[in-house]
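> My questions all concern the structure below.
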Amino acid sequence: MRFPYLTPSQIQARLLAIAVGFVLILSLTLTFSPAAREQTPDVAYRLNHWAGVLLWLAMVILAHWQIKKHLPDADPYLLPIASLLSGWGMVSIWRLTGEFGLRQSLWILVCYLFLIAALRRSEILDFLKKYKYIWLTSGLLLTALTFLLGINPGGYGPRLWLGCCGIYLQPSEPLKLLLIVYLAAYFAGKIPVTGRIWPLLLPTMLLTGLALAILVIQRDLGTASIFVFLYAAMVYHASAKRRILLLSALLLVGLGLVGYYFIEIIQYRLVTWFNPWLDPSGRSYQVIQSLLAVANGGLVGRGIGMGSPGVVPVAHSDFIFSAIAEETGLAGALALLALVGLLVTRSYLIALSAENHFERLLAAGLGAYLGAQSIVIIGGNLRLLPLTGVTLPFVSYGGSSLLTSFMALLLLLQISNGREQQDPAPLLRPAPYLLMPSLLGLGLFSLALAAGWWGFIRADDLLARYDNPRRTIADRFVARGALLDRRNALLSYSENSSGFYSRIYSYPNLSSIIGYTHSIYGQAGLEAQLDSYLRGQSGYPARQVWLQRLLTGYPPPGLDVRLSLDLTLQTRADQLFDGSKGAVVLLNAETGEVLVMASQPTFDANLLDEIGADLLAAPGSPLLNRATQGNYPAGTSLAPFLLAETYQQGLELPPFPASLLVEQDERLIRCTLRGEGAPDWVNALPAGCPRPLLTLGGALGDRLAEMAGKIGLQYTSGEAELLAIGQNARITPLAMAQAAASLGNDGLVPAAQLPLAVNIPGTGWVILPPQGQPRSAFSAEAANRAALALRAGENPYWESMGRFESRANPIIWYLGGTLPDWQGTPLAIVVALEADDPALAREIGRGLLEYAILGP
């Protein structure tokens, strides 16, 4: 950006006006955010941050005035960039926590006062250069002093601070600056570097190695990695030998490999970096929540005060970037990266025009420090690099870090002053001053790509994760849609109590099917399957969802969904099934609409807070929806399908076998119902007798496996007779009900339909698309003949039974449905009873089927 005919002070003033305007807009947005969040003006507005903002504003104006007076030719971009970053960070910290916001405001006051006081001291650079050994030694002694007097302000973790009376200093922060000063002063006297480089490096390696040793012993590995980079960068600036960069990169990789095997904290961070999804609620919690924050920000963010960055641990310090990205979006993240890139660029431009080698090396080192530390911490936030725990210069909370950043700013201002009126020092090898900022720029560009990847491309997948706490937070403030039965009776809904919504399940017996949505236990069942509608993320125009999230940080109110369940029939099924174990499914045989889906035992989703921790280990597996997840052995229940397939193939019934029973693996397989009628096909097939089934299976031959595939049986290869009597085949009650429906639906297996319609404001009830298409299993004639052959006496329905013999886990099946000539709604029913009680299974099946056909 160029400003023709303007002095540096005038350029600085205009840029500062932009920075001040931006920070004031952030502050105003934060003030009114409670009204937007609650969608009412009757709220407590946020005002406490204004004390810090006004203090920051006064200091910015004073600093500008002092620079104009004492350093009129200083680089006009430096103060605006630093002021914008520090103001942005301060407002973000106030948004997260008032206590740390106040502390950061006071530290900003101290930093600006330090800057203003030091601006007039033109001898600072010479003073630093002259006493370089004393400064670095003092920094090393202070850092080493933490071994004896070190504390941690948080009360736990590494003791890296010195402090008294509530004021803390982390010596390793200014030590970075002192190392750069020392190396710049030392190498300035050796330029031009000729001959072998190692004799030149030995003295510096000794002091730098001592600093690294202290940091490694303190387990401050993030700062140690920054030191390795800074040393390599300074040597490269002085010598122009690119192999130094390669060797330092190899050193970092080697140290990482050694640390992975011998240092627990390094192994922990590398594992978290490689695959954070292995332990998202444990070791990787911070990284996962950071990525979720970036994803939640989207393109333009949730708005200041409208997101949920507080769920990211240490968001005010280590994860300040993710907090900013959540509330200002990808646009804010890219703007912040651009500011860092501009700061690095200006530092290297200052270096190129410096009047002596010391100032050139110092400016380049400061640019490398500010750029590298920003890349390392933002890379950790975006999982581009392992987590290190360093701070984001000018932005993160922390007095030591902020003061060090302002010291770097002061030195850059001093170096840049008057550079237009002086000749730069000779530069024989300009490559380092072109390559190094290019590498840092490449790093920042990579961060921009990573922010776009998580904040845009992968955002939907991340935000749909069950461990995204923002979903739970939204559920407290936004009404979730209700689940209704086919007659609009409430099954689950959200109720506003004390200003927050809670989920109510009005018919708890459906908890295994309806599922739950819970802040601790996540989601299950239909609550999870239909979450996008119930949460208001689907069904609305995309523009309306985007605008609502932009204005309030939340999606629109959830949409009601109508299910195919009939609460009257469901209640009757639960009454008949009370105290039993298994599942009942009743379908509309033509449409596949699920009228009843019962699973017992179940639980009460209203009591998850009290019983949730015990449900996984509870006897009877009440969380299991047996109707859809219970994969039961088919046993001798396949008579209706064997009979229909026989008719389908144009075969006549073979001669009736002499025996009804089968002995298999020293186990006697019996008829499900015994002694009812003469031993013939008419009575033996619906009674689930195994030998007649084997006979039909033998007659079908290879067609038996084809039939199994058509009705949805899961079977293992083996003897055909095992498939005919269901010993090597499994099926869920819902799939069995769909297969049974084919006998009353002209041989078509309907697709099961449970969600029917969604209520969209301004449009009304909109039919949801079917969840599948019907498939042909038998011809209409074959299906009708089989249903009539299995007719239950003079009743208007057919029925058939089966069993799977097992001492530990016996299964009794009841299959039934209306006859082909039935004039009402065609029905199909299946009962899977986990008990050796055929009479009870038939009582449940007949009772519900007759109730559905004839009414109460």
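Chain lettering (A, B, ...) mirrors the order of the structure tokens, residue numbering begins at 1 for each chain separately, and ligand numbering begins at 1 in order of display.
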Fewer than 5 positions away in the same chain doesn't count, so skip those; otherwise give me all residues within 10 Å of segment 177-186 of chain A, counting only C-alpha atoms, as an MDAnalysis selection string.

chainID A and resid 125:126 128:140 172 191 200:201 203:204 207:208 211 227 230:231 233:235 237:238 357:366 368:369 404:405 407:408

> Which residues are close to Gly380 of chain A, i.e. within 12 Å by only C-alpha atoms, leaving aside same-chain residues fewer than 4 positions away? Reply as a PyMOL selection string.

chain A and resi 222+269-270+272-274+276+284+286-288+290-291+318-322+373-376+384-392+447+450-451

> Would you mind listing what lies within 12 Å of Gly166 of chain A as a list of chain:residue names, with only C-alpha atoms counted and same-chain residues fewer than 3 positions away left out?

A:Arg103, A:Ile151, A:Asn152, A:Pro153, A:Gly154, A:Trp161, A:Leu162, A:Gly163, A:Leu169, A:Gly399

> Report as JSON lines: every residue of segment 619-720 of chain A with an atom at most 12 Å from segment 842-852 of chain A, its closest pair of atoms, and their distance in Å to one decimal, counting only C-alpha atoms, with rows sorted by chain and ascending residue number.


```
{"residue": "A:Thr672", "atom": "CA", "partner": "A:Arg842", "partner_atom": "CA", "distance": 10.6}
{"residue": "A:Leu673", "atom": "CA", "partner": "A:Arg842", "partner_atom": "CA", "distance": 9.8}
{"residue": "A:Pro686", "atom": "CA", "partner": "A:Arg842", "partner_atom": "CA", "distance": 11.4}
{"residue": "A:Ala687", "atom": "CA", "partner": "A:Arg842", "partner_atom": "CA", "distance": 10.9}
```

> Restricting the calculation to only C-alpha atoms: of A:Leu510, A:Leu643, A:Ala372, A:Arg219, which residue gets closest to Ile263 of chain A?

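Once distances to Ile263 of chain A are computed over only C-alpha atoms, the minimum belongs to A:Arg219.
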
> Name the closest residue to Thr552 of chain A among the candidates A:Gly301, A:Gly620, A:Gly744, A:Gly764; distances are taken between atoms, counting only C-alpha atoms.

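That would be A:Gly301, the residue with the smallest distance to Thr552 of chain A.
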
> Report as a ChimeraX atom specification all protein, DNA and RNA residues lying within 8 Å of Leu567 of chain A, evaluated on only C-alpha atoms, omitting residues in the same chain fewer than 5 positions from it.

/A:485-486,489,596

> Need to verify the contact set: segment 456-459 of chain A, 12 Å, only C-alpha atoms, exclusion of same-chain residues closer than 2 positions in sequence. Can you return it as a list in words?

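After dropping sequence-adjacent residues, the list is Leu291, Leu292, Ala293, Val294, Ala295, Asn296, Gly297, Gly298, Leu299, Val300, Gly301, Ala325, Glu326, Gly329, Leu330, Ala331, Ala448, Leu449, Ala450, Ala451, Gly452, Trp453, Trp454, Asp461, Leu462, Leu463, Ala464, Arg465 and Asn468 of chain A.
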
> So which one's closest to Arg121 of chain A, A:Trp198, A:Gln570, A:Leu411, A:Gly855? Using only C-alpha atoms, please.

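For Arg121 of chain A, the nearest of the candidates is A:Leu411.
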
> Give the alpha helix (DSSP H) residues of segment 551-762 of chain A, as assigned by DSSP on the backbone, as an NGL selection string.

:A and (551-552 or 567-577 or 608-615 or 626-629 or 639-648 or 681-684 or 690-700 or 703-711 or 720-724 or 733-741)

> Rank A:Arg543, A:Arg730, A:Arg283, A:Lys69 by their smallest atom-to-atom distance to Ser9 of chain A, using only C-alpha atoms, and report the top residue only.

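Selected residue with least distance to Ser9 of chain A: A:Lys69.
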
> If we count only C-alpha atoms, what is near Ile711 of chain A at a cut-off of 12 Å, once residues fewer than 3 positions away on the same chain are taken out, given as a ChimeraX atom specification?

/A:634,638,640-642,644-645,704-708,714-715,729-732,734-743,747-751,774-778
